[in-house]
Amino acid sequence: MPDNDVRLLGDILGRWAGEKPDTNAMTYQHRAWSWLELRDHVAKLAGALSAEGIGKGDRVAFLDKNHPACLQTTFAAAAVGAANAVVNWRLSPEELSYVLNDSGARILFAGAELLPTIETIRGELSTVEKVIVVGGEADEFDAWVARAEPFAGTAQVEPRDGVLILYTSGTTGFPKGAVLTHHALLAHSEAALSAFPSTPATRLLVAMPLFHVGGSCYAISGMFGGLPMTMTREPDPASLFGALAAGATHAFVVPAVVAGILQGGEKAIKAFSGLHYLGYGASPMPLPVLRRALEVWPDTKFVQVYGMTEMSGMVSALSPEAHLDTEHPERLASAGVPLQGIDMRVVDPVSGEDVEPGEAGELWFRTEQRMSGYLGKPEATAETITPEGWLRTGDVGRVDGGGFIFIEDRVKDMIITGGENVYSPEVERVIAEYPGVGEVAVIGVPDDKWGESVKAVVSPAPGETIDVDKLIEYCRGRLAHYKCPRTVDVVEALPRNATGKILKRNLRKGYWQE
């Protein structure tokens, strides 16, 4: 494993290019890079960025489904002192325009199949000076890199400089860019590797989208450990089966993927039986699905992880041993215990004081993995990070006598569907603009496949009626598909407390066990 000489992302590539230059580092479809080839390719990509005037403090953006160029751009941007904002390709044009402008990106790397969407908002992008097409027949990326000279400058990069920006929806209804530093990503990598032991035969399957910490940060942790990876463009069955057939031993997926595999029949189940480690997280795993997975894959070690974008990924893990602990079967529903080097408090969110052992409160973490802050949003940063360095998660949980964390609720009413975070105010903001809507509340309800699905509860304005199908269609034109309500209930009035606040807890009662 790398030692303390690894202070910057680029040190990872330098280390392994020196120690095992010809060893396979990354494969994608029909292409492969050794560690030496990867280092040299990133050096030329950094040179191309530098030639475009990208330097310390600048930002670029990447918009595409999974492609090695995204990770390579993150490392190249790091070399010149810049940061790569990896953008969710599922966002609507309106959302994309907001995120790209918020990122301040000067260069946008866009997948060929996303170009039609980019064309619709090109005139709205205030900072993008150049769009470079990645992949497809119109690919410009490879030739652009090939023309460049390797970067040989000194950008005076520091470990606390931002290098990766991942967007997470905000309680105000607009996404916020979490700025992750070299130091935070390396701290996360070291902690994550402790939860997923490796051998010389280990090969990672990177299938989660790279705009998610379960994609980019998972991949970076593997690179930190010198582990080869196979990247898939999407987590579709054919791609997953191909990666497994090519020797992938470790994978991280959302529970919805596990459910899909189990529903895929014996062939799908057999294909996954060769995994040594299967990590899962980003949304709750329905217990029936987990029990079935443990039954059909008895030789696979399962690791549940809990974390968030603002902490570069996972901060706690439920170990393989805990999955099989017959004395504490209730811990299958837990998020495990904190990883090494991570401090945790359970706090009354109003008073800021620690609650009594076993009681529920907001989970606070203090860790070297923490983001430096939200890009350009000092007030939101101050609301999330305390002066003492604690990060307020917005999640309500409790800790049992063995130190296992149980997530009970979400202070911010966040919905997690298929591993994607959805904040209700963001959806409510769109629905409130639909003609005839008087009031709206958005909640998460149980979903056997996705963990949760989005439900809207609306009351019509006086004298108005709501066509549910048209309302859902309206949302799909303005929000990413996974954020749109799958179901809508129309009620006469929303429940409120004495101060007039909508009681979402009352709305959830009919769907969740209390």
# chains A, B, ... in the order shown; residues from 1 in each chain; ligands from 1
call {"tool": "residues_around", "arguments": {"residues": "Ser319 of chain A", "least_positions_apart": "5", "cutoff": "9 Å", "atoms": "only C-alpha atoms", "output": "list of chain:residue names"}}
result
A:Ala195, A:Lys301, A:Phe302, A:Val303, A:Gln304, A:Val305, A:Gly336, A:Val337
call {"tool": "closest_residue", "arguments": {"among": "A:Val258, A:Val86, A:Ile54, A:Met231", "to": "Gly177 of chain A", "atoms": "only C-alpha atoms"}}
result
A:Val86
call {"tool": "closest_residue", "arguments": {"among": "A:Asp447, A:Asp64, A:Glu190, A:Glu234", "to": "Gly135 of chain A", "atoms": "only C-alpha atoms"}}
result
A:Asp64
call {"tool": "atom_distance", "arguments": {"atom1": "atom CA of Val347 of chain A", "atom2": "atom CA of Ala317 of chain A"}}
result
20.5 Å
call {"tool": "closest_atom_pairs", "arguments": {"of": "segment 325-377 of chain A", "to": "segment 94-111 of chain A", "cutoff": "12 Å", "atoms": "only C-alpha atoms", "output": "JSON lines"}}
result
{"residue": "A:Tyr374", "atom": "CA", "partner": "A:Ser103", "partner_atom": "CA", "distance": 10.5}
{"residue": "A:Leu375", "atom": "CA", "partner": "A:Ser103", "partner_atom": "CA", "distance": 7.4}
{"residue": "A:Gly376", "atom": "CA", "partner": "A:Asp102", "partner_atom": "CA", "distance": 8.0}
{"residue": "A:Lys377", "atom": "CA", "partner": "A:Asp102", "partner_atom": "CA", "distance": 10.0}
call {"tool": "select_by_dssp", "arguments": {"residues": "segment 11-198 of chain A", "states": "strand (DSSP E or B)", "output": "ChimeraX atom specification"}}
result
/A:24-28,31-34,59-63,83-87,107-111,130-134,162-168,176-181
call {"tool": "residues_around", "arguments": {"residues": "Val289 of chain A", "least_positions_apart": "6", "cutoff": "10 Å", "atoms": "only C-alpha atoms", "output": "PyMOL selection string"}}
result
chain A and resi 255-256+258-260+262-263+295+448-449
call {"tool": "residues_around", "arguments": {"residues": "segment 250-252 of chain A", "least_positions_apart": "3", "cutoff": "9 Å", "atoms": "only C-alpha atoms", "output": "count of residues only"}}
result
20
call {"tool": "select_by_dssp", "arguments": {"residues": "segment 137-174 of chain A", "states": "alpha helix (DSSP H)", "output": "PyMOL selection string"}}
result
chain A and resi 141-146
call {"tool": "residues_around", "arguments": {"residues": "Ile416 of chain A", "least_positions_apart": "5", "cutoff": "7 Å", "atoms": "only C-alpha atoms", "output": "list in words"}}
result
Ser283, Asn421, Val422 and Glu452 of chain A
call {"tool": "atom_distance", "arguments": {"atom1": "atom CA of Leu494 of chain A", "atom2": "atom CA of Arg476 of chain A"}}
result
23.8 Å
call {"tool": "closest_residue", "arguments": {"among": "A:Gly81, A:Gly242, A:Pro485, A:Gly162", "to": "Ile415 of chain A", "atoms": "only C-alpha atoms"}}
result
A:Pro485
call {"tool": "closest_residue", "arguments": {"among": "A:Ser221, A:Thr465, A:Ser334, A:Ser453", "to": "Gly438 of chain A", "atoms": "only C-alpha atoms"}}
result
A:Thr465
call {"tool": "residues_around", "arguments": {"residues": "Arg345 of chain A", "least_positions_apart": "6", "cutoff": "12 Å", "atoms": "only C-alpha atoms", "output": "VMD selection string"}}
result
chain A and resid 338 352 to 367 390 to 393 395 to 399 403 405
call {"tool": "closest_atom_pairs", "arguments": {"of": "segment 333-446 of chain A", "to": "segment 502-514 of chain A", "cutoff": "10 Å", "atoms": "only C-alpha atoms", "output": "CSV"}}
result
residue,atom,partner,partner_atom,distance
A:Asp413,CA,A:Lys504,CA,8.7
A:Glu439,CA,A:Ile502,CA,9.8
A:Val440,CA,A:Ile502,CA,9.4
A:Ala441,CA,A:Lys504,CA,7.3
A:Val442,CA,A:Lys504,CA,8.2
A:Ile443,CA,A:Arg508,CA,7.1
A:Gly444,CA,A:Arg508,CA,7.7
A:Val445,CA,A:Tyr511,CA,6.0
A:Pro446,CA,A:Tyr511,CA,6.8
call {"tool": "write_last_selection", "arguments": {"atoms": "all heavy atoms", "output": "compact mmCIF listing (two decimals), in the first residue's frame"}}
result
# COMPACT_ATOMS: atom_id res chain seq x y z
N ASP A 413 -35.25 15.40 5.28
CA ASP A 413 -36.26 14.76 4.45
C ASP A 413 -35.71 14.29 3.10
O ASP A 413 -36.42 14.31 2.09
CB ASP A 413 -37.45 15.70 4.21
CG ASP A 413 -38.25 15.94 5.46
OD1 ASP A 413 -38.44 14.99 6.25
OD2 ASP A 413 -38.66 17.09 5.67
N GLU A 439 -50.90 23.45 -2.65
CA GLU A 439 -49.79 23.11 -1.76
C GLU A 439 -49.26 21.73 -2.14
O GLU A 439 -49.97 20.91 -2.73
CB GLU A 439 -50.25 23.09 -0.30
CG GLU A 439 -50.67 24.44 0.23
CD GLU A 439 -51.09 24.35 1.69
OE1 GLU A 439 -51.78 23.37 2.03
OE2 GLU A 439 -50.73 25.25 2.46
N VAL A 440 -48.00 21.47 -1.78
CA VAL A 440 -47.40 20.20 -2.11
C VAL A 440 -46.42 19.77 -1.03
O VAL A 440 -45.74 20.61 -0.42
CB VAL A 440 -46.68 20.25 -3.48
CG1 VAL A 440 -45.63 21.35 -3.51
CG2 VAL A 440 -46.04 18.90 -3.82
N ALA A 441 -46.36 18.48 -0.79
CA ALA A 441 -45.34 17.89 0.08
C ALA A 441 -44.84 16.64 -0.62
O ALA A 441 -45.64 15.86 -1.14
CB ALA A 441 -45.91 17.55 1.45
N VAL A 442 -43.53 16.46 -0.64
CA VAL A 442 -42.92 15.30 -1.28
C VAL A 442 -42.28 14.42 -0.22
O VAL A 442 -41.55 14.91 0.64
CB VAL A 442 -41.89 15.74 -2.34
CG1 VAL A 442 -41.06 14.55 -2.83
CG2 VAL A 442 -42.59 16.42 -3.51
N ILE A 443 -42.55 13.13 -0.28
CA ILE A 443 -42.02 12.18 0.69
C ILE A 443 -41.46 10.97 -0.04
O ILE A 443 -41.74 10.75 -1.23
CB ILE A 443 -43.09 11.72 1.70
CG1 ILE A 443 -44.25 11.03 0.96
CG2 ILE A 443 -43.60 12.89 2.53
CD1 ILE A 443 -45.29 10.39 1.88
N GLY A 444 -40.70 10.16 0.67
CA GLY A 444 -40.25 8.89 0.16
C GLY A 444 -41.10 7.77 0.71
O GLY A 444 -41.47 7.78 1.89
N VAL A 445 -41.44 6.83 -0.14
CA VAL A 445 -42.24 5.67 0.30
C VAL A 445 -41.48 4.40 -0.08
O VAL A 445 -40.65 4.40 -0.98
CB VAL A 445 -43.64 5.68 -0.34
CG1 VAL A 445 -44.42 6.91 0.11
CG2 VAL A 445 -43.56 5.64 -1.86
N PRO A 446 -41.73 3.30 0.62
CA PRO A 446 -40.98 2.06 0.36
C PRO A 446 -41.15 1.57 -1.08
O PRO A 446 -42.24 1.67 -1.65
CB PRO A 446 -41.58 1.06 1.35
CG PRO A 446 -42.21 1.89 2.42
CD PRO A 446 -42.70 3.12 1.73
call {"tool": "closest_residue", "arguments": {"among": "A:Ala32, A:Met344, A:Leu240, A:Ala83", "to": "His182 of chain A", "atoms": "only C-alpha atoms"}}
result
A:Ala83
call {"tool": "residues_around", "arguments": {"residues": "Arg486 of chain A", "least_positions_apart": "5", "cutoff": "9 Å", "atoms": "only C-alpha atoms", "output": "mmCIF file with C-alpha atoms, in the first residue's frame"}}
result
data_model
loop_
_atom_site.group_PDB
_atom_site.id
_atom_site.type_symbol
_atom_site.label_atom_id
_atom_site.label_comp_id
_atom_site.auth_asym_id
_atom_site.auth_seq_id
_atom_site.Cartn_x
_atom_site.Cartn_y
_atom_site.Cartn_z
ATOM 1 C CA SER A 453 -39.588 6.036 -4.508
ATOM 2 C CA VAL A 454 -40.746 9.624 -4.707
ATOM 3 C CA LYS A 455 -44.380 10.394 -3.873
ATOM 4 C CA ALA A 456 -46.018 13.795 -4.091
ATOM 5 C CA ILE A 472 -45.935 13.645 -13.530
#
call {"tool": "atom_distance", "arguments": {"atom1": "atom CA of Asp469 of chain A", "atom2": "atom CA of Pro93 of chain A"}}
result
21.6 Å
call {"tool": "closest_residue", "arguments": {"among": "A:Gly264, A:Pro209, A:Gly402, A:Gly247", "to": "Thr232 of chain A", "atoms": "only C-alpha atoms"}}
result
A:Pro209
